[in-house]
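*Asks:* I have a structure I would like to understand better, so I am pasting it below and will then ask my questions one at a time.
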There are 2 protein chains.
Amino acid sequence: MSKRIITISREFGSGGRYLGEEIAKRLGIDYYDKEILVKVAEKTGLSQKYIEQVGEGAPHKHHLSYSFVGRDSTGASMGDYMDTIQRKVILEAADKGPCVIIGRCADYILRERTDCLNIFVCGNEKEKTKRIMELYNLSETEAKKLMKETNKKRRVHYEYYTEQRWGESCNYSICLNSSDIGYEKCIEIVCDLAKN
Amino acid sequence: MSKRIITISREFGSGGRYLGEEIAKRLGIDYYDKEILVKVAEKTGLSQKYIEQVGEGAPHKHHLSYSFVGRDSTGASMGDYMDTIQRKVILEAADKGPCVIIGRCADYILRERTDCLNIFVCGNEKEKTKRIMELYNLSETEAKKLMKETNKKRRVHYEYYTEQRWGESCNYSICLNSSDIGYEKCIEIVCDLAKN
């Protein structure tokens, strides 16, 4: 495999996580999503739930609020500390062998490597809303609100740590609109690119 | 073919135009790039060179300068007028049959259709610079300058007419980094998506 590491950034509701799981399964490679949280929890002694809330995974809170509070005497916040540990976990995972890594600015963290395929998955409003309603058992209004909040949080987190624009095509190898293209075709395209 | 119309927006130097030509050839469908200029010239009586300068095709001039000068008594500028004619030409081309259309906000102009595959082609700085140096016989400094100016012009033109962000992944069906993926693979992916 010429591209050993596949990073997947994704809009909430676009099915990016599902695509990542399927791609890892079909290529027979490691998959890192919540697995990263577990490792960060091990290294820091903090609870997974807390890490999830401070990191990009939590849909309910706004990242910026963490950027300006809870700083220690060096000026580092708890968010900065956890991102440092998470960065190490991601670098170690990539060194270990071929894998799929979901979110967490992995495309940026691994930017010095030449064996990464960086994917961004987006989707159309209607299809994303439908998916969120089904997955989280929410009303349309609730799903749209959660989608807006979660994407805002992911955007702010990504842009704070990378100084790049989240979802801007030039930051990725390929961006796929899963509503237009379909999940199966997205999986096929990425698996094919990873193999060739 | 389920997606009859393929629109290709592209960063200057990414090879987007070349990809479009090859895709049209392999799918055996019409190709519109300068062909649109010819039709706009026919309809307006203006010279192709002038149209190219005012439109998004010209790499040397900044679009905004046209937005505020040369307005007639209704407040419409020559740029607005030509964009109206160009819009009609693009709608007619899409109605006529399957085709590839390069640039000119075609993705936005045809947004009401459900049979469009909207592509954005980007690339890495190094590869794009090299391509521009070779194609236009320029020094590295000249190529970088031309690239910056042309992309700025395309961005401003697109954002002025569409109120969408140029190169933002969610505005397209698929975005391809031709430096990462390679021209041949980009062509294969798009032809396959158009056929299936």
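FYI, nothing fancy with the structure tokens labels: chains A, B, ... in order, residues from 1 per chain, ligands from 1 as they appear.
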Once you count only C-alpha atoms, what closest atom pair and distance in Å to one decimal does each residue of chain A within 6 Å of chain B have, with rows by chain and rising residue number, as a tab-separated table?
*Replies:*
```
residue	atom	partner	partner_atom	distance
A:Cys122	CA	B:Cys170	CA	5.9
A:Gly167	CA	B:Ser169	CA	5.7
A:Glu168	CA	B:Glu168	CA	4.7
A:Ser169	CA	B:Ser169	CA	5.2
A:Cys170	CA	B:Cys122	CA	5.9
A:Ser173	CA	B:Asn177	CA	5.0
A:Ile174	CA	B:Leu176	CA	4.8
A:Cys175	CA	B:Cys175	CA	4.8
A:Leu176	CA	B:Ile174	CA	4.8
A:Asn177	CA	B:Ser173	CA	5.0
A:Asp180	CA	B:Ser173	CA	5.8
```
*Asks:* So which one's closest to Arg87 in chain A, A:Tyr183, A:Tyr158, A:Tyr108, A:Tyr31? Using only C-alpha atoms, please.
*Replies:* A:Tyr108
*Asks:* Apply DSSP to the backbone of this structure and, from range 44-184 of chain B, keep only the residues in strand (DSSP E or B); write these as number ranges by chain.
*Replies:* B: 99-102, 116-122, 168, 174-177
*Asks:* Record the distance separating CA of Met147 in chain B and CA of Arg111 in chain A, expressed in Å with one decimal.
*Replies:*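 Atom-to-atom, CA of Met147 in chain B to CA of Arg111 in chain A, that is 23.4 Å.
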